[in-house]
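Asks: So here's query_29.txt (compact mmCIF, C-alpha atoms and all ligand atoms).
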# COMPACT_ATOMS: atom_id res chain seq x y z
CA MET A 1097 28.96 8.34 79.75
CA ILE A 1098 31.19 11.30 80.58
CA VAL A 1099 33.19 12.87 77.75
CA ILE A 1100 36.48 14.46 78.80
CA ASP A 1101 37.94 16.06 75.68
CA GLU A 1102 41.56 16.99 74.98
CA ASN A 1103 41.18 20.61 76.14
CA MET A 1104 39.79 19.48 79.48
CA VAL A 1105 42.41 16.71 79.85
CA LEU A 1106 45.18 19.27 79.35
CA LYS A 1107 43.72 21.44 82.13
CA LEU A 1108 43.64 18.48 84.53
CA LEU A 1109 47.10 17.02 83.86
CA ASP A 1110 49.83 17.37 86.47
CA TRP A 1111 53.43 16.06 86.28
CA ASP A 1112 53.71 14.85 89.89
CA LYS A 1113 50.50 12.83 89.68
CA THR A 1114 51.41 11.51 86.25
CA PHE A 1115 54.79 10.35 87.62
CA GLN A 1116 53.02 8.67 90.54
CA ALA A 1117 50.51 6.98 88.20
CA MET A 1118 53.36 5.57 86.07
CA GLU A 1119 55.21 4.31 89.15
CA VAL A 1120 52.09 2.50 90.28
CA ALA A 1121 51.28 1.08 86.82
CA MET A 1122 54.83 -0.25 86.39
CA ARG A 1123 54.98 -1.70 89.87
CA ARG A 1124 51.58 -3.40 89.62
CA CYS A 1125 52.72 -4.87 86.32
CA THR A 1126 55.61 -6.65 88.04
CA GLU A 1127 53.29 -7.71 90.91
CA LYS A 1128 50.98 -9.30 88.28
CA ARG A 1129 48.08 -7.14 89.39
CA ILE A 1130 47.36 -6.23 85.80
CA VAL A 1131 46.00 -7.85 82.66
CA GLN A 1132 47.22 -6.70 79.27
CA THR A 1133 48.10 -8.63 76.17
CA ALA A 1134 50.39 -7.65 73.33
CA ARG A 1135 48.78 -4.86 71.30
CA SER A 1136 46.84 -5.69 68.14
CA LYS A 1137 47.81 -3.68 65.08
CA THR A 1138 45.63 -2.96 62.05
CA GLN A 1139 47.67 -1.65 59.14
CA VAL A 1140 46.14 0.57 56.46
CA LEU A 1141 47.04 -1.84 53.62
CA ASP A 1142 50.27 -0.81 51.87
CA LYS A 1143 50.80 2.33 54.01
CA PRO A 1144 52.94 2.52 57.19
CA ASN A 1145 49.81 3.79 59.05
CA LEU A 1146 48.47 1.78 61.97
CA LEU A 1147 45.43 1.59 64.26
CA VAL A 1148 46.60 -0.04 67.47
CA SER A 1149 44.33 -1.32 70.24
CA MET A 1150 45.57 -1.50 73.81
CA PRO A 1151 43.06 -3.01 76.27
CA GLY A 1152 44.04 -3.42 79.91
CA TYR A 1153 43.00 -3.87 83.49
CA LEU A 1154 44.94 -2.43 86.43
CA GLU A 1155 44.10 -3.39 90.01
CA ASP A 1156 44.82 -0.48 92.36
CA SER A 1157 42.71 1.50 94.80
CA THR A 1158 43.93 4.88 93.48
CA PHE A 1159 44.81 4.32 89.84
CA GLY A 1160 42.99 1.07 89.01
CA ALA A 1161 40.76 0.92 85.92
CA LEU A 1162 39.41 -1.25 83.12
CA GLY A 1163 39.98 0.50 79.82
CA CYS A 1164 41.14 0.45 76.27
CA LYS A 1165 43.29 2.94 74.39
CA LEU A 1166 42.97 3.14 70.62
CA VAL A 1167 45.99 4.81 69.13
CA THR A 1168 46.71 5.77 65.54
CA PHE A 1169 50.32 5.93 64.36
CA PHE A 1170 50.28 7.78 61.02
CA PRO A 1171 53.87 8.88 60.21
CA THR A 1172 52.60 10.23 56.85
CA ASN A 1173 50.69 12.96 58.74
CA SER A 1174 53.88 15.02 59.05
CA ASN A 1175 53.95 15.36 55.22
CA LEU A 1176 50.38 16.69 54.88
CA PRO A 1177 50.05 20.28 53.54
CA LYS A 1178 48.70 21.09 57.02
CA PRO A 1179 50.62 18.58 59.20
CA LEU A 1180 48.70 16.65 61.86
CA PRO A 1181 50.19 14.81 64.86
CA THR A 1182 51.58 11.40 63.88
CA VAL A 1183 50.37 9.75 67.12
CA MET A 1184 46.77 10.34 68.29
CA ALA A 1185 44.71 8.41 70.82
CA SER A 1186 41.37 7.89 72.55
CA ILE A 1187 40.78 6.13 75.85
CA LEU A 1188 37.55 4.38 76.90
CA LEU A 1189 36.97 3.51 80.55
CA PHE A 1190 34.49 0.82 81.65
CA ASP A 1191 32.83 0.04 84.98
CA GLU A 1192 34.69 -3.00 86.24
CA THR A 1193 31.57 -4.53 87.88
CA THR A 1194 28.97 -4.01 85.15
CA GLY A 1195 31.06 -3.38 82.04
CA LEU A 1196 29.10 -0.17 81.37
CA PRO A 1197 31.10 2.46 79.46
CA LYS A 1198 32.01 5.16 82.02
CA ALA A 1199 34.02 7.74 80.15
CA TYR A 1200 35.64 8.77 76.92
CA VAL A 1201 38.93 10.47 77.70
CA GLY A 1202 41.01 12.18 75.01
CA GLY A 1203 44.30 10.28 74.76
CA PHE A 1204 46.61 12.55 72.75
CA GLU A 1205 47.95 14.62 75.66
CA ILE A 1206 47.84 11.61 77.98
CA THR A 1207 50.03 9.59 75.60
CA LYS A 1208 52.62 12.36 75.60
CA TRP A 1209 52.55 12.93 79.35
CA ARG A 1210 52.49 9.31 80.43
CA THR A 1211 55.28 8.31 78.00
CA ALA A 1212 57.52 11.13 79.23
CA ALA A 1213 56.69 10.31 82.85
CA ALA A 1214 57.43 6.60 82.24
CA SER A 1215 60.90 7.65 81.01
CA ALA A 1216 61.29 9.84 84.12
CA VAL A 1217 60.25 6.96 86.42
CA ALA A 1218 62.75 4.66 84.67
CA THR A 1219 65.48 7.31 84.96
CA GLN A 1220 64.71 7.84 88.65
CA HIS A 1221 64.68 4.17 89.65
CA ILE A 1222 67.27 2.64 87.29
CA TYR A 1223 69.71 5.55 87.43
CA ALA A 1224 69.12 8.54 89.71
CA LYS A 1225 68.41 6.61 92.90
CA ARG A 1226 71.95 5.17 92.70
CA SER A 1227 73.20 8.77 93.23
CA LYS A 1228 74.37 9.02 89.61
CA PRO A 1229 75.15 12.43 88.05
CA LEU A 1230 72.27 14.46 86.62
CA ARG A 1231 74.23 17.24 84.96
CA VAL A 1232 73.58 16.90 81.23
CA LEU A 1233 70.39 15.63 79.58
CA ALA A 1234 70.38 14.94 75.82
CA ILE A 1235 67.05 14.89 73.99
CA LEU A 1236 67.14 13.55 70.42
CA GLY A 1237 63.90 14.51 68.69
CA ALA A 1238 61.89 17.71 69.00
CA GLY A 1239 58.47 16.38 68.01
CA GLU A 1240 55.51 16.00 70.38
CA GLN A 1241 57.34 13.50 72.58
CA GLY A 1242 60.57 15.51 72.57
CA ARG A 1243 58.66 18.51 73.91
CA ALA A 1244 56.81 16.46 76.53
CA HIS A 1245 60.09 14.90 77.70
CA ALA A 1246 61.68 18.37 77.93
CA ASP A 1247 58.83 19.57 80.19
CA CYS A 1248 58.71 16.41 82.27
CA PHE A 1249 62.47 16.11 82.87
CA LYS A 1250 62.71 19.83 83.66
CA HIS A 1251 59.99 19.31 86.25
CA CYS A 1252 61.24 16.04 87.77
CA PHE A 1253 65.03 16.57 87.82
CA ASN A 1254 67.51 19.39 88.16
CA PHE A 1255 69.73 19.12 85.07
CA GLN A 1256 72.24 21.94 84.54
CA GLU A 1257 72.08 21.54 80.76
CA ILE A 1258 69.32 20.15 78.53
CA ARG A 1259 70.62 19.60 74.99
CA VAL A 1260 68.22 19.18 72.09
CA TRP A 1261 68.97 17.78 68.64
CA ASN A 1262 66.46 17.22 65.86
CA ARG A 1263 66.89 16.01 62.25
CA THR A 1264 65.24 19.26 61.12
CA ALA A 1265 67.37 21.73 63.07
CA SER A 1266 64.80 24.57 63.02
CA LYS A 1267 62.42 22.53 65.23
CA ALA A 1268 65.09 21.95 67.88
CA LYS A 1269 66.06 25.65 67.77
CA SER A 1270 62.41 26.69 68.25
CA LEU A 1271 62.04 24.32 71.19
CA VAL A 1272 65.21 25.69 72.83
CA ASP A 1273 64.17 29.34 72.39
CA GLU A 1274 60.62 28.70 73.54
CA TYR A 1275 61.62 26.63 76.60
CA ASN A 1276 64.36 29.01 77.75
CA LYS A 1277 61.69 31.75 77.74
CA LYS A 1278 58.97 29.56 79.26
CA TYR A 1279 61.19 28.51 82.19
CA ASN A 1280 63.15 31.78 82.37
CA THR A 1281 66.45 29.93 82.05
CA ASN A 1282 69.29 29.31 79.61
CA ILE A 1283 69.84 25.59 80.28
CA PHE A 1284 68.20 24.47 76.99
CA LYS A 1285 70.89 24.30 74.28
CA HIS A 1286 70.58 23.42 70.62
CA CYS A 1287 73.02 20.82 69.24
CA GLU A 1288 73.98 20.79 65.56
CA SER A 1289 74.66 17.06 65.54
CA ASN A 1290 73.36 14.00 67.35
CA GLU A 1291 76.96 13.09 68.16
CA LYS A 1292 77.56 16.41 69.97
CA CYS A 1293 74.27 15.97 71.78
CA VAL A 1294 75.06 12.46 73.03
CA ARG A 1295 78.77 12.77 73.90
CA GLY A 1296 79.25 13.43 77.61
CA ALA A 1297 75.52 13.32 78.43
CA ASP A 1298 74.51 11.66 81.70
CA VAL A 1299 70.99 10.81 80.54
CA ILE A 1300 69.85 10.41 76.93
CA VAL A 1301 66.26 10.44 75.65
CA ALA A 1302 65.67 9.26 72.05
CA VAL A 1303 62.17 10.07 70.78
CA THR A 1304 62.17 9.84 67.00
CA ASN A 1305 60.74 7.81 64.13
CA THR A 1306 64.17 6.91 62.83
CA SER A 1307 64.81 3.43 61.49
CA GLU A 1308 68.59 3.96 61.53
CA PRO A 1309 70.56 4.31 64.79
CA ILE A 1310 71.08 7.88 66.00
CA VAL A 1311 72.81 6.97 69.30
CA MET A 1312 76.12 5.26 68.50
CA ALA A 1313 77.76 3.06 71.12
CA ASP A 1314 81.12 4.86 71.02
CA TRP A 1315 79.52 8.22 71.83
CA VAL A 1316 77.77 7.11 75.03
CA LYS A 1317 79.76 7.76 78.19
CA ALA A 1318 80.33 4.97 80.71
CA GLY A 1319 77.48 4.64 83.18
CA ALA A 1320 75.03 6.81 81.20
CA HIS A 1321 71.31 6.02 81.11
CA ILE A 1322 69.29 5.93 77.85
CA ASN A 1323 65.52 6.06 77.45
CA SER A 1324 64.75 4.82 73.93
CA VAL A 1325 61.13 5.67 73.20
CA GLY A 1326 60.70 5.91 69.41
CA LEU A 1327 58.95 3.23 67.43
CA GLY A 1328 60.63 3.68 64.03
CA LYS A 1329 60.51 0.49 62.00
CA THR A 1330 61.02 -1.70 65.03
CA HIS A 1331 61.00 -0.62 68.66
CA HIS A 1332 64.77 -0.61 68.92
CA SER A 1333 66.03 1.34 65.95
CA GLU A 1334 67.39 4.40 67.75
CA VAL A 1335 70.35 2.90 69.62
CA GLU A 1336 73.17 1.08 67.83
CA GLU A 1337 72.52 -2.62 68.31
CA LYS A 1338 75.97 -3.48 69.69
CA LEU A 1339 75.34 -1.25 72.72
CA TYR A 1340 72.51 -3.54 73.84
CA PHE A 1341 75.11 -6.26 74.45
CA ASP A 1342 77.21 -4.00 76.69
CA ALA A 1343 74.34 -2.49 78.68
CA ASP A 1344 71.71 -3.51 81.22
CA VAL A 1345 68.47 -3.36 79.26
CA TYR A 1346 65.20 -2.76 81.10
CA ILE A 1347 61.71 -3.10 79.65
CA ASP A 1348 58.26 -2.02 80.77
CA HIS A 1349 56.54 -5.43 80.37
CA TRP A 1350 57.86 -8.91 79.53
CA GLU A 1351 54.92 -9.89 77.33
CA GLY A 1352 55.10 -6.69 75.27
CA ALA A 1353 58.87 -7.07 74.95
CA ARG A 1354 58.57 -10.68 73.71
CA ALA A 1355 56.11 -9.53 71.06
CA GLU A 1356 57.72 -6.27 69.98
CA LEU A 1357 61.42 -6.73 70.70
CA SER A 1358 61.75 -10.09 68.97
CA GLY A 1359 64.57 -8.64 66.83
CA LEU A 1360 66.69 -7.93 69.91
CA ILE A 1361 65.76 -11.27 71.47
CA LYS A 1362 66.75 -13.17 68.30
CA ALA A 1363 70.03 -11.26 68.24
CA GLY A 1364 70.69 -12.66 71.73
CA VAL A 1365 70.12 -9.58 73.89
CA GLN A 1366 69.09 -10.45 77.45
CA PHE A 1367 66.80 -8.15 79.40
CA LYS A 1368 67.72 -7.36 82.99
CA GLY A 1369 64.09 -6.94 84.07
CA GLU A 1370 60.98 -4.79 84.14
CA VAL A 1371 61.17 -1.24 85.51
CA GLY A 1372 58.56 -2.39 88.05
CA SER A 1373 61.05 -4.85 89.54
CA VAL A 1374 63.57 -2.00 89.94
CA ILE A 1375 60.90 0.12 91.65
CA ALA A 1376 60.29 -2.82 94.00
CA ASN A 1377 64.07 -3.01 94.67
CA GLU A 1378 64.25 -6.59 93.35
CA VAL A 1379 66.67 -5.82 90.51
CA GLN A 1380 69.33 -3.13 90.10
CA THR A 1381 72.46 -2.37 88.11
CA GLU A 1382 75.41 -2.61 90.49
CA ASP A 1383 78.28 -1.45 88.26
CA ALA A 1384 78.40 2.37 88.16
CA ASN A 1385 80.18 2.25 84.77
CA ARG A 1386 77.58 0.11 83.06
CA VAL A 1387 75.26 1.82 80.60
CA THR A 1388 71.57 1.26 81.29
CA ILE A 1389 68.80 1.36 78.68
CA PHE A 1390 65.06 1.65 79.24
CA GLN A 1391 63.46 0.31 76.07
CA SER A 1392 60.05 1.96 76.33
CA LEU A 1393 57.20 0.28 74.49
CA GLY A 1394 54.25 1.88 76.28
CA MET A 1395 51.63 -0.13 78.14
CA ALA A 1396 47.83 -0.23 78.16
CA VAL A 1397 47.80 -0.13 81.96
CA GLU A 1398 49.65 3.20 81.91
CA ASP A 1399 46.70 4.57 79.94
CA CYS A 1400 44.23 2.93 82.34
CA ALA A 1401 45.98 4.63 85.28
CA MET A 1402 45.90 7.97 83.49
CA GLY A 1403 42.26 7.52 82.47
CA ARG A 1404 41.36 6.88 86.11
CA LEU A 1405 43.44 9.85 87.31
CA ILE A 1406 41.79 12.24 84.85
CA TYR A 1407 38.31 10.78 85.46
CA ASP A 1408 38.62 11.19 89.26
CA THR A 1409 40.13 14.68 88.95
CA TYR A 1410 37.33 15.68 86.58
CA LEU A 1411 34.65 14.45 89.00
CA LYS A 1412 36.31 16.33 91.90
CA THR A 1413 36.52 19.58 89.96
CA HIS A 1414 33.10 19.28 88.25
CA SER A 1415 31.03 17.92 91.13
CA ASN A 1416 27.73 19.33 89.81
N1 LIG A 1501 57.19 4.16 73.88
C1 LIG A 1501 56.01 4.76 73.97
O1 LIG A 1501 55.27 4.58 74.94
C2 LIG A 1501 55.60 5.70 72.90
C3 LIG A 1501 56.39 5.87 71.79
N2 LIG A 1501 56.05 6.78 70.82
C4 LIG A 1501 56.95 6.93 69.69
O2 LIG A 1501 57.77 8.08 69.90
C5 LIG A 1501 58.22 8.59 68.64
C6 LIG A 1501 58.03 10.10 68.59
O3 LIG A 1501 56.63 10.38 68.65
P1 LIG A 1501 56.10 11.88 68.47
O4 LIG A 1501 57.03 12.82 69.07
O5 LIG A 1501 54.68 11.89 68.87
O6 LIG A 1501 56.19 12.03 66.87
P2 LIG A 1501 56.40 13.37 66.03
O7 LIG A 1501 55.91 13.04 64.66
O8 LIG A 1501 55.84 14.54 66.74
O9 LIG A 1501 57.99 13.53 65.98
C7 LIG A 1501 58.76 12.63 65.25
C8 LIG A 1501 60.21 12.96 65.48
O10 LIG A 1501 61.00 11.94 64.83
C9 LIG A 1501 61.94 12.61 64.02
N3 LIG A 1501 62.32 11.75 62.90
C10 LIG A 1501 61.50 11.18 62.00
N4 LIG A 1501 62.22 10.44 61.13
C11 LIG A 1501 63.51 10.56 61.50
C12 LIG A 1501 64.73 10.04 61.01
N5 LIG A 1501 64.76 9.23 59.95
N6 LIG A 1501 65.88 10.36 61.65
C13 LIG A 1501 65.85 11.17 62.73
N7 LIG A 1501 64.74 11.70 63.25
C14 LIG A 1501 63.58 11.40 62.63
C15 LIG A 1501 61.28 13.88 63.57
O11 LIG A 1501 62.22 14.80 63.09
P3 LIG A 1501 61.83 15.90 61.98
O12 LIG A 1501 61.28 17.07 62.73
O13 LIG A 1501 63.11 16.18 61.30
O14 LIG A 1501 60.82 15.27 61.06
C16 LIG A 1501 60.63 14.30 64.90
O15 LIG A 1501 61.57 14.86 65.77
C17 LIG A 1501 57.42 7.83 67.58
O16 LIG A 1501 58.23 6.81 67.04
C18 LIG A 1501 56.26 7.22 68.38
O17 LIG A 1501 55.76 6.05 67.81
C19 LIG A 1501 54.93 7.57 70.95
C20 LIG A 1501 54.09 7.40 72.01
C21 LIG A 1501 54.33 6.43 73.06
O1 LIG A 1502 52.17 3.06 73.95
C1 LIG A 1502 51.79 3.83 73.05
O2 LIG A 1502 50.79 4.54 73.15
C2 LIG A 1502 52.56 3.86 71.80
N1 LIG A 1502 53.69 3.21 71.64
C3 LIG A 1502 54.25 3.42 70.35
C4 LIG A 1502 53.32 4.34 69.65
C5 LIG A 1502 52.23 4.64 70.62
For the structure just supplied, provide its representation as structure tokens.

Replies:
Amino acid sequence: MIVIDENMVLKLLDWDKTFQAMEVAMRRCTEKRIVQTARSKTQVLDKPNLLVSMPGYLEDSTFGALGCKLVTFFPTNSNLPKPLPTVMASILLFDETTGLPKAYVGGFEITKWRTAAASAVATQHIYAKRSKPLRVLAILGAGEQGRAHADCFKHCFNFQEIRVWNRTASKAKSLVDEYNKKYNTNIFKHCESNEKCVRGADVIVAVTNTSEPIVMADWVKAGAHINSVGLGKTHHSEVEEKLYFDADVYIDHWEGARAELSGLIKAGVQFKGEVGSVIANEVQTEDANRVTIFQSLGMAVEDCAMGRLIYDTYLKTHSN
């Protein structure tokens, strides 16, 4: 079995290929060329800490794979004397003919990259391909995912302003300073409040652990697109609930949504469709003034596609 550790994974990752892998995973999902069930969650007794297993099979000549991601979600890690990431992951790939384990692939970087790229794919297909404005991006949350989204959206789109807000302001300020230097630009701007960050933004990315809404309906401009990524207490705690009734809400996978968005479903929110069906041009939002929301849950087959991409790239670059 090949071991591809986090350092190696980071060397092999590439935004364009990650975007392509997410497009394929989402599209195959809608074409029913995947198998994945709702994730199973093992909670560490009375703590909020979870071990989550995400097995999946994706049929595709380029990105297809049989694999399982094991992900830990330990929000208490941020309070440790030496903080550790709150989301960590490992991916196992198996030979789809024999079932033999093929590779262990570190899943920490992959989880960041593929989640950010899934938001970018959703933004491209639900929003940008309708020739909607891409002037101001608002990122709420400057943790691992906030940083990955900042890199990914800088790479995939051409925003004139990328605003960043974080509950702990110093982290957003560090991100802004670091990214303006890294990209030799001044488009990254720190926002003192989530309201200032959201008002007037064309595209909004929420990537926090909040269990209280941080994107209020009245602040969101007509026709804006929101990627809500954070898990929080439920998978829809970042956006004020009333906005879900006035928006077209897209999901990554029906089965995952039924299991993990039961709160929204019980409240009566209807989902417009999977992102895969938008990629396939089967569903689209027609009204330019309607807000769109991608409620990102994350899918096992996204990790399968990434495992395959990294495995193949590793073999190509380490042929001996
Ligand atoms: N949909 C998907 O596919 C995936 C979703 N996720 C989810 O994305 C979220 C972010 O993950 P990640 O960046 O790795 O986590 P980090 O721990 O690195 O960052 C957490 C962020 O949430 C903020 N936050 C925590 N509590 C609150 C609160 N009450 N109000 C406002 N902000 C708060 C933190 O702010 P501060 O700095 O002030 O503490 C920080 O910006 C998590 O909920 C995670 O489960 C992760 C992977 C995949
Ligand atoms: O899909 C994923 O890996 C996750 N979703 C929420 C936390 C981790």

Asks: From the options A:Leu1188, A:Cys1252, A:Ala1353, A:Ala1199, which residue's atoms come nearest to Thr1219 (chain A), counting all atoms listed in the file?

Replies: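 Residue with the minimum atom-to-atom distance to Thr1219 (chain A): A:Cys1252.
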
Asks: Hey, which residues sit close to ligand LIG 1502 (chain A)? Say within 7 Å, counting all atoms listed in the file, and write them as a list in words.

Replies: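 Going residue by residue within 7 Å of ligand LIG 1502 (chain A), we get Val1167, Phe1169, Val1183, Thr1207, Gly1326, Leu1327, Leu1393, Gly1394, Met1395 and Ala1396 of chain A.
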
Asks: Could you write out that same residue set with C-alpha atoms as a PDB file, keeping the file's coordinate frame?

Replies:
ATOM      1  CA  VAL A1167      45.990   4.810  69.130  1.00  0.00           C
ATOM      2  CA  PHE A1169      50.320   5.930  64.360  1.00  0.00           C
ATOM      3  CA  VAL A1183      50.370   9.750  67.120  1.00  0.00           C
ATOM      4  CA  THR A1207      50.030   9.590  75.600  1.00  0.00           C
ATOM      5  CA  GLY A1326      60.700   5.910  69.410  1.00  0.00           C
ATOM      6  CA  LEU A1327      58.950   3.230  67.430  1.00  0.00           C
ATOM      7  CA  LEU A1393      57.200   0.280  74.490  1.00  0.00           C
ATOM      8  CA  GLY A1394      54.250   1.880  76.280  1.00  0.00           C
ATOM      9  CA  MET A1395      51.630  -0.130  78.140  1.00  0.00           C
ATOM     10  CA  ALA A1396      47.830  -0.230  78.160  1.00  0.00           C
TER      11      ALA A1396
END

Asks: With only C-alpha atoms as the counted atoms, please give the residues lying no more than 7 Å from region 1230-1234 of chain A, apart from itself and same-chain residues fewer than 6 positions off, as a count of residues only.

Replies: 13

Asks: Could you list the protein, DNA and RNA residues that have any atom within 8 Å of ligand LIG 1501 (chain A), counting only C-alpha atoms and all ligand atoms, and write them as a VMD selection string?

Replies: chain A and resid 1169 1171 1173 to 1174 1181 to 1183 1207 to 1208 1210 to 1211 1214 1236 to 1243 1262 to 1265 1267 1303 to 1308 1310 1324 to 1328 1391 to 1395

Asks: Generate a file of the selected residues that holds C-alpha atoms, formatted as a PDB file, in the coordinates of the input.

Replies:
ATOM      1  CA  PHE A1169      50.320   5.930  64.360  1.00  0.00           C
ATOM      2  CA  PRO A1171      53.870   8.880  60.210  1.00  0.00           C
ATOM      3  CA  ASN A1173      50.690  12.960  58.740  1.00  0.00           C
ATOM      4  CA  SER A1174      53.880  15.020  59.050  1.00  0.00           C
ATOM      5  CA  PRO A1181      50.190  14.810  64.860  1.00  0.00           C
ATOM      6  CA  THR A1182      51.580  11.400  63.880  1.00  0.00           C
ATOM      7  CA  VAL A1183      50.370   9.750  67.120  1.00  0.00           C
ATOM      8  CA  THR A1207      50.030   9.590  75.600  1.00  0.00           C
ATOM      9  CA  LYS A1208      52.620  12.360  75.600  1.00  0.00           C
ATOM     10  CA  ARG A1210      52.490   9.310  80.430  1.00  0.00           C
ATOM     11  CA  THR A1211      55.280   8.310  78.000  1.00  0.00           C
ATOM     12  CA  ALA A1214      57.430   6.600  82.240  1.00  0.00           C
ATOM     13  CA  LEU A1236      67.140  13.550  70.420  1.00  0.00           C
ATOM     14  CA  GLY A1237      63.900  14.510  68.690  1.00  0.00           C
ATOM     15  CA  ALA A1238      61.890  17.710  69.000  1.00  0.00           C
ATOM     16  CA  GLY A1239      58.470  16.380  68.010  1.00  0.00           C
ATOM     17  CA  GLU A1240      55.510  16.000  70.380  1.00  0.00           C
ATOM     18  CA  GLN A1241      57.340  13.500  72.580  1.00  0.00           C
ATOM     19  CA  GLY A1242      60.570  15.510  72.570  1.00  0.00           C
ATOM     20  CA  ARG A1243      58.660  18.510  73.910  1.00  0.00           C
ATOM     21  CA  ASN A1262      66.460  17.220  65.860  1.00  0.00           C
ATOM     22  CA  ARG A1263      66.890  16.010  62.250  1.00  0.00           C
ATOM     23  CA  THR A1264      65.240  19.260  61.120  1.00  0.00           C
ATOM     24  CA  ALA A1265      67.370  21.730  63.070  1.00  0.00           C
ATOM     25  CA  LYS A1267      62.420  22.530  65.230  1.00  0.00           C
ATOM     26  CA  VAL A1303      62.170  10.070  70.780  1.00  0.00           C
ATOM     27  CA  THR A1304      62.170   9.840  67.000  1.00  0.00           C
ATOM     28  CA  ASN A1305      60.740   7.810  64.130  1.00  0.00           C
ATOM     29  CA  THR A1306      64.170   6.910  62.830  1.00  0.00           C
ATOM     30  CA  SER A1307      64.810   3.430  61.490  1.00  0.00           C
ATOM     31  CA  GLU A1308      68.590   3.960  61.530  1.00  0.00           C
ATOM     32  CA  ILE A1310      71.080   7.880  66.000  1.00  0.00           C
ATOM     33  CA  SER A1324      64.750   4.820  73.930  1.00  0.00           C
ATOM     34  CA  VAL A1325      61.130   5.670  73.200  1.00  0.00           C
ATOM     35  CA  GLY A1326      60.700   5.910  69.410  1.00  0.00           C
ATOM     36  CA  LEU A1327      58.950   3.230  67.430  1.00  0.00           C
ATOM     37  CA  GLY A1328      60.630   3.680  64.030  1.00  0.00           C
ATOM     38  CA  GLN A1391      63.460   0.310  76.070  1.00  0.00           C
ATOM     39  CA  SER A1392      60.050   1.960  76.330  1.00  0.00           C
ATOM     40  CA  LEU A1393      57.200   0.280  74.490  1.00  0.00           C
ATOM     41  CA  GLY A1394      54.250   1.880  76.280  1.00  0.00           C
ATOM     42  CA  MET A1395      51.630  -0.130  78.140  1.00  0.00           C
TER      43      MET A1395
END

Asks: Measuring between all atoms listed in the file, which one of A:Met1312, A:Ala1318, A:Ile1389, A:Ala1268 shows the shortest distance to Val1345 (chain A)?

Replies: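 Checking each of A:Met1312, A:Ala1318, A:Ile1389, A:Ala1268 against Val1345 (chain A), counting all atoms listed in the file, the winner is A:Ile1389.
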
Asks: Measure the distance from CA of Ser1358 (chain A) to CA of Cys1125 (chain A) in Å and round it to one decimal.

Replies: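 If I compute the distance from CA of Ser1358 (chain A) to CA of Cys1125 (chain A), I get 20.2 Å.
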
Asks: Go through A:Ile1098, A:Leu1146, A:Val1131, A:Cys1164 one by one, measure the shortest atom-to-atom distance of each to Asp1399 (chain A) using only C-alpha atoms, and give the residue with the smallest value.

Replies: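 Between A:Ile1098, A:Leu1146, A:Val1131, A:Cys1164, the residue approaching Asp1399 (chain A) most closely is A:Cys1164.
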
Asks: To one decimal place, how far is CA of Glu1288 (chain A) from CA of Ser1266 (chain A) in Å?

Replies: 10.2 Å

Asks: In Å, with one decimal, what is the gap from CA of Thr1168 (chain A) to CA of Glu1102 (chain A)?

Replies: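 Interatomic distance here is 15.5 Å.
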
Asks: Point out the residue among A:His1349, A:Lys1225, A:Lys1338, A:Lys1277 with the least atom-to-atom distance to Phe1390 (chain A), counting all atoms listed in the file.

Replies: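 The closest residue to Phe1390 (chain A) is A:His1349.
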
Asks: For Ile1187 (chain A), which residue out of A:Asp1247, A:Asp1101, A:Glu1382, A:Asp1273 is the nearest one, using all atoms listed in the file?

Replies: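 Looking at the shortest contact to Ile1187 (chain A), the residue is A:Asp1101.
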
Asks: Taking into account all atoms listed in the file, which residue in the set A:Met1184, A:Ala1320, A:Ala1244, A:Val1105 is nearest to Asn1145 (chain A)?

Replies: A:Met1184

Asks: Report the centre and edge lengths, in Å to one decimal, of an axis-aligned box enclosing every atom of region 1361-1370 of chain A listed in the file, padded by 6 Å on each side, as AutoDock Vina command-line options.

Replies:
--center_x 65.8 --center_y -9.0 --center_z 76.2 --size_x 21.7 --size_y 20.4 --size_z 27.9

Asks: Can you pull out the residues contacting Leu1357 (chain A)? Cut-off 12 Å, using only C-alpha atoms, and skip same-chain residues under 4 positions away; I want them as a list in words.

Replies: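 Residues near the query, excluding close chain neighbours: Ala1134, Leu1327, Lys1329, Thr1330, His1331, His1332, Ser1333, Tyr1340, Val1345, Tyr1346, Ile1347, Asp1348, His1349, Trp1350, Glu1351, Gly1352, Ala1353, Ile1361, Lys1362, Ala1363, Gly1364, Val1365, Gln1366, Phe1367, Gln1391, Ser1392 and Leu1393 of chain A.
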
Asks: Kindly extract all protein, DNA and RNA residues lying within 9 Å of the coordinates (55.3, 1.0, 87.8) given in the file, considering all atoms listed in the file, and supply them as a ChimeraX atom specification.

Replies: /A:1116-1126,1214,1217-1218,1348,1370-1373,1375-1376,1398
